[in-house]
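Source file: final00.txt (compact mmCIF, C-alpha atoms)
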# COMPACT_ATOMS: atom_id res chain seq x y z
CA ARG T 1 25.86 27.80 -82.28
CA ALA T 2 24.78 26.89 -78.82
CA SER T 3 27.18 25.11 -76.60
CA THR T 4 26.73 21.41 -75.95
CA ILE T 5 25.63 20.56 -72.37
CA ILE T 6 26.14 17.05 -71.11
CA ASN T 7 24.62 15.99 -67.73
CA LEU T 8 26.28 12.98 -66.18
CA THR T 9 25.75 11.39 -62.81
CA ASN T 10 28.81 10.28 -60.97
CA THR T 11 27.74 7.93 -58.20
CA ARG T 12 31.16 7.29 -56.71
CA HIS T 13 33.32 10.40 -57.05
CA PRO T 14 31.36 13.64 -57.15
CA THR T 15 33.22 16.24 -59.23
CA PRO T 16 32.43 19.94 -59.74
CA THR T 17 31.17 21.15 -63.12
CA TYR T 18 33.92 21.91 -65.66
CA THR T 19 34.11 23.16 -69.27
CA ASN T 20 35.92 21.53 -72.23
CA THR T 21 36.34 22.48 -75.89
CA ASN T 22 35.32 20.13 -78.74
CA GLN T 23 36.99 19.74 -82.13
CA ARG T 24 35.16 22.75 -83.61
CA GLY T 25 36.31 25.00 -80.81
CA GLN T 26 32.89 25.19 -79.23
CA PRO T 27 32.78 24.88 -75.44
CA THR T 28 31.17 21.78 -74.07
CA ILE T 29 29.83 22.06 -70.52
CA ILE T 30 29.82 18.81 -68.63
CA ILE T 31 27.76 18.70 -65.44
CA ILE T 32 28.38 15.87 -63.07
CA SER T 33 25.66 15.66 -60.44
CA THR T 34 25.85 13.80 -57.18
CA PRO T 35 22.93 11.70 -55.84
CA PRO T 36 21.74 12.26 -52.27
CA HIS T 37 23.94 10.75 -49.64
CA PRO T 38 22.59 7.34 -48.37
CA LEU T 39 22.82 8.50 -44.74
CA ARG T 40 20.63 11.51 -45.52
CA LEU T 41 18.02 9.27 -47.19
CA GLU T 42 18.03 6.97 -44.19
CA ARG T 43 17.46 9.86 -41.79
CA THR T 44 14.57 11.19 -43.90
CA SER T 45 12.95 7.74 -43.98
CA THR T 46 13.33 7.36 -40.20
CA ASN T 47 11.74 10.75 -39.57
CA MET T 48 8.78 9.83 -41.79
CA ARG T 49 8.28 6.57 -39.89
CA LEU T 50 8.34 8.38 -36.52
CA THR T 51 5.81 10.93 -37.78
CA LEU T 52 3.46 8.18 -38.97
CA LEU T 53 3.76 6.28 -35.68
CA LEU T 54 3.03 9.44 -33.69
CA SER T 55 -0.05 10.18 -35.80
CA LEU T 56 -1.28 6.61 -35.37
CA PHE T 57 -0.79 6.77 -31.59
CA ILE T 58 -2.77 10.02 -31.34
CA HIS T 59 -5.56 8.52 -33.45
CA ILE T 60 -5.80 5.37 -31.32
CA SER T 61 -5.77 7.42 -28.12
CA SER T 62 -8.68 9.54 -29.31
CA ILE T 63 -10.68 6.42 -30.24
CA SER T 64 -10.06 4.68 -26.92
CA GLY T 65 -11.02 7.83 -25.04
CA ALA T 66 -14.35 7.94 -26.85
CA PHE T 67 -15.26 4.48 -25.57
CA SER T 68 -14.11 5.00 -22.00
CA PHE T 69 -16.63 5.48 -19.23
CA ASN T 70 -16.50 6.74 -15.69
CA ARG T 71 -16.57 4.20 -12.91
CA PRO T 72 -17.09 5.16 -9.32
CA SER T 73 -13.93 5.27 -7.25
CA PHE T 74 -13.63 4.68 -3.53
CA VAL T 75 -12.43 6.71 -0.61
CA THR T 76 -12.26 5.23 2.87
CA SER T 77 -14.87 6.41 5.35
CA LYS T 78 -15.88 5.49 8.89
CA PRO T 79 -17.92 2.32 9.51
CA GLY T 80 -21.67 2.86 9.53
CA HIS T 81 -24.86 1.19 10.76
CA LEU T 82 -26.39 -1.79 8.98
CA GLY T 83 -29.55 -1.97 11.07
CA PRO T 84 -31.12 -0.69 14.25
CA ARG T 85 -27.97 -1.54 16.23
CA ARG T 86 -24.27 -1.12 15.53
CA SER T 87 -22.55 -4.00 13.77
CA SER T 88 -20.20 -6.08 15.89
CA THR T 89 -17.57 -6.34 13.16
CA ASP T 90 -15.28 -3.51 12.13
CA ASN T 91 -16.74 -2.93 8.68
CA LEU T 92 -15.24 -0.87 5.92
CA GLN T 93 -17.65 1.67 4.50
CA ARG T 94 -16.67 3.46 1.35
CA MET T 95 -18.09 6.31 -0.66
CA PHE T 96 -18.46 6.20 -4.41
CA LEU T 97 -17.48 9.42 -6.13
CA SER T 98 -19.49 10.12 -9.25
CA GLY T 99 -17.70 10.47 -12.56
CA ASP T 100 -18.13 14.25 -12.63
CA GLY T 101 -16.64 14.62 -9.14
CA SER T 102 -19.94 15.62 -7.58
CA GLU T 103 -20.31 14.87 -3.90
CA ASN T 104 -24.07 15.51 -3.76
CA GLN T 105 -25.42 12.43 -1.98
CA PRO T 106 -22.78 10.01 -3.27
CA PRO T 107 -23.47 6.27 -3.20
CA THR T 108 -22.02 4.32 -0.27
CA LEU T 109 -20.68 0.77 -0.26
CA THR T 110 -20.25 -1.26 2.92
CA ASN T 111 -18.32 -4.52 2.96
CA ILE T 112 -19.69 -6.96 5.53
CA GLY T 113 -18.99 -10.41 6.96
CA LYS T 114 -21.17 -13.36 7.95
CA ALA T 115 -22.46 -11.85 11.21
CA GLU T 116 -23.79 -8.77 9.45
CA MET T 117 -25.21 -10.88 6.62
CA THR T 118 -27.08 -13.01 9.18
CA GLU T 119 -28.51 -9.85 10.73
CA ILE T 120 -29.68 -8.47 7.38
CA LEU T 121 -31.19 -11.79 6.31
CA SER T 122 -33.12 -11.95 9.57
CA HIS T 123 -34.61 -8.50 8.91
CA VAL T 124 -35.61 -9.52 5.38
CA GLU T 125 -37.22 -12.80 6.43
CA ASN T 126 -39.08 -11.27 9.39
CA GLY T 127 -39.95 -7.93 7.83
CA THR T 128 -38.18 -6.01 10.56
CA GLY T 129 -35.66 -3.19 10.61
CA ASP T 130 -35.82 0.36 9.32
CA LYS T 131 -34.37 -0.37 5.88
CA ASN T 132 -35.77 -2.16 2.85
CA TYR T 133 -33.06 -4.66 1.92
CA VAL T 134 -32.95 -6.40 -1.48
CA ILE T 135 -30.50 -9.33 -1.39
CA ILE T 136 -29.18 -10.35 -4.82
CA ASP T 137 -27.01 -13.39 -5.60
CA VAL T 138 -25.02 -12.65 -8.78
CA ARG T 139 -23.71 -16.19 -9.36
CA GLY T 140 -24.87 -18.16 -12.38
CA VAL T 141 -28.17 -20.04 -12.11
CA GLU T 142 -26.59 -23.45 -12.75
CA GLU T 143 -23.77 -22.64 -10.34
CA ILE T 144 -26.33 -21.95 -7.63
CA MET T 145 -28.63 -24.90 -8.32
CA MET T 146 -25.83 -27.45 -8.74
CA GLY T 147 -23.95 -26.13 -5.71
CA THR T 148 -25.19 -24.49 -2.56
CA GLY T 149 -28.50 -23.00 -3.55
CA THR T 150 -29.33 -19.55 -2.20
CA MET T 151 -28.99 -18.51 1.44
CA SER T 152 -32.74 -18.00 1.70
CA GLU T 153 -35.92 -17.94 -0.36
CA LYS T 154 -35.78 -14.18 0.09
CA VAL T 155 -32.57 -13.96 -1.94
CA GLN T 156 -33.05 -12.98 -5.58
CA ILE T 157 -30.91 -14.40 -8.40
CA LEU T 158 -29.46 -12.00 -10.97
CA PRO T 159 -26.26 -13.30 -12.63
CA LEU T 160 -23.52 -10.75 -13.18
CA PRO T 161 -23.29 -11.35 -16.98
CA GLN T 162 -26.96 -10.38 -17.32
CA ILE T 163 -26.38 -7.23 -15.28
CA THR T 164 -23.54 -6.17 -17.58
CA MET T 165 -24.82 -7.28 -20.99
CA MET T 166 -28.45 -6.24 -20.48
CA ALA T 167 -27.77 -3.12 -18.37
CA ALA T 168 -30.24 -4.59 -15.89
CA PHE T 169 -30.30 -1.70 -13.44
CA ASP T 170 -31.07 0.76 -16.24
CA MET T 171 -34.12 -1.18 -17.47
CA ASP T 172 -37.63 0.06 -16.76
CA GLU T 173 -39.59 -1.68 -14.00
CA THR T 174 -41.86 -3.69 -16.31
CA SER T 175 -39.02 -5.05 -18.45
CA PHE T 176 -36.88 -5.80 -15.40
CA GLU T 177 -39.55 -7.87 -13.65
CA ALA T 178 -40.49 -9.69 -16.85
CA GLN T 179 -36.87 -10.61 -17.47
CA PHE T 180 -35.68 -11.50 -13.96
CA ASN T 181 -38.89 -12.57 -12.19
CA PHE T 182 -38.69 -10.16 -9.26
CA PRO T 183 -39.54 -6.45 -8.88
CA LYS T 184 -36.85 -3.96 -9.79
CA PRO T 185 -35.35 -2.41 -6.63
CA ASN T 186 -36.26 1.20 -5.96
CA ALA T 187 -33.57 3.86 -5.79
CA GLU T 188 -34.20 4.15 -2.03
CA ASP T 189 -33.70 0.42 -1.37
CA THR T 190 -30.52 -0.97 0.16
CA LEU T 191 -28.99 -3.45 -2.27
CA VAL T 192 -27.07 -6.38 -0.76
CA PHE T 193 -24.89 -8.33 -3.22
CA THR T 194 -23.41 -11.77 -2.71
CA CYS T 195 -21.63 -14.32 -4.92
CA LYS T 196 -19.18 -17.18 -4.31
CA MET T 197 -16.42 -15.24 -2.57
CA GLY T 198 -16.98 -11.49 -2.99
CA GLY T 199 -15.44 -10.64 -6.36
CA ARG T 200 -18.45 -10.65 -8.65
CA SER T 201 -20.65 -9.04 -6.01
CA GLN T 202 -18.15 -6.16 -5.83
CA GLN T 203 -18.51 -5.63 -9.59
CA ALA T 204 -22.29 -5.75 -9.33
CA ALA T 205 -22.14 -3.12 -6.59
CA GLN T 206 -20.16 -0.81 -8.86
CA LEU T 207 -22.68 -1.25 -11.67
CA ALA T 208 -25.57 -0.52 -9.32
CA ALA T 209 -23.83 2.67 -8.16
CA THR T 210 -23.40 3.92 -11.73
CA SER T 211 -27.13 3.32 -12.27
CA GLY T 212 -28.07 5.61 -9.41
CA TYR T 213 -28.46 3.36 -6.35
CA LYS T 214 -27.17 5.09 -3.24
CA THR T 215 -26.93 2.47 -0.47
CA ILE T 216 -25.10 -0.72 -1.41
CA ILE T 217 -23.70 -3.61 0.65
CA ASN T 218 -21.26 -6.31 -0.45
CA TYR T 219 -21.03 -9.61 1.41
CA THR T 220 -17.32 -10.28 0.93
CA GLY T 221 -17.38 -13.88 2.17
CA GLY T 222 -20.05 -15.04 -0.25
CA ALA T 223 -21.31 -18.60 -0.50
CA ASP T 224 -17.94 -20.04 0.49
CA ASP T 225 -18.17 -18.26 3.83
CA TRP T 226 -21.90 -18.84 4.36
CA PHE T 227 -22.07 -22.54 3.47
CA GLY T 228 -18.63 -23.62 4.58
CA GLY T 229 -16.27 -23.30 1.66
CA GLU T 230 -15.37 -25.78 -1.04
CA PHE T 231 -16.99 -28.74 0.75
CA VAL T 232 -20.38 -27.92 -0.76
CA TYR T 233 -19.02 -27.91 -4.32
CA THR T 234 -17.48 -31.40 -4.24

Could the structure of this file be written out as structure tokens, please?
Amino acid sequence: RASTIINLTNTRHPTPTYTNTNQRGQPTIIIISTPPHPLRLERTSTNMRLTLLLSLFIHISSISGAFSFNRPSFVTSKPGHLGPRRSSTDNLQRMFLSGDGSENQPPTLTNIGKAEMTEILSHVENGTGDKNYVIIDVRGVEEIMMGTGTMSEKVQILPLPQITMMAAFDMDETSFEAQFNFPKPNAEDTLVFTCKMGGRSQQAAQLAATSGYKTIINYTGGADDWFGGEFVYT
């Protein structure tokens, strides 16, 4: 007859397999198996967790990269001309670099102060100068009407949220004028952005550059500088 095989699990004291003889003289093989060591199980579980976390990180990175977009970056350049004569203030002119690194006619951004803004506004109101300026106030409509108003009747109002949410500078000419009540600037025009104190106008300038406009000016002082600061908002 076949031998009797007994498989036991000893959880505390692992013992090698040994053979015994029963009452009939037949050998009985007793196998005592040992479960995996707890430390080994813990290491395996930790390695699995690390693998899952690494996979999740790679997946999230690929998703975020799909939604990223190229914004123009700045490099410092020499100050340039705003009009027929050199500006009296030491301006900072910067060049936008396109997302693909191309330097073929890159957009330029010039930060200006109140003196230069006065000069530009004079050209717009009198129809003088060798550039076609389009001055755009990117503050909210209520903010403008309840506060300072615009610097001139020649200043157009186009709030920054509408530029971003509606991709204003990428709209066709008919839709743009119907939506914002003034003609869409041409690609050859010089866009001049202003807001309360220069932050939102800087963002608008970046959006205009990504839409293909080449010559852009940012009035860094904004309404606070033009109208005299917080006094007009009280």

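The gap separating atom CA of T:Met165 from atom CA of T:Gln203 is 13.1 Å, in Å to one decimal.
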
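In this comparison, which uses all atoms listed in the file, the residue of T:Glu125, T:Asp130, T:Asp225, T:Glu142 approaching T:Lys154 most closely is T:Glu125.
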
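Going from atom CA of T:Phe180 over to atom CA of T:Met166, you cover 11.1 Å.
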
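Of note, atom CA of T:Gly221 and atom CA of T:Ile163 are spaced 20.7 Å apart.
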
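Residue nearest T:Glu143 within the list T:Glu188, T:Leu207, T:Pro159, T:Lys131: T:Pro159 [criterion: smallest interatomic distance, all atoms listed in the file].
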
**Prompt:** When distances are computed from all atoms listed in the file, which of T:Gly127, T:Pro106, T:Gly222, T:Gly149 shows the smallest separation from T:Arg200?
**Reply:** T:Gly222
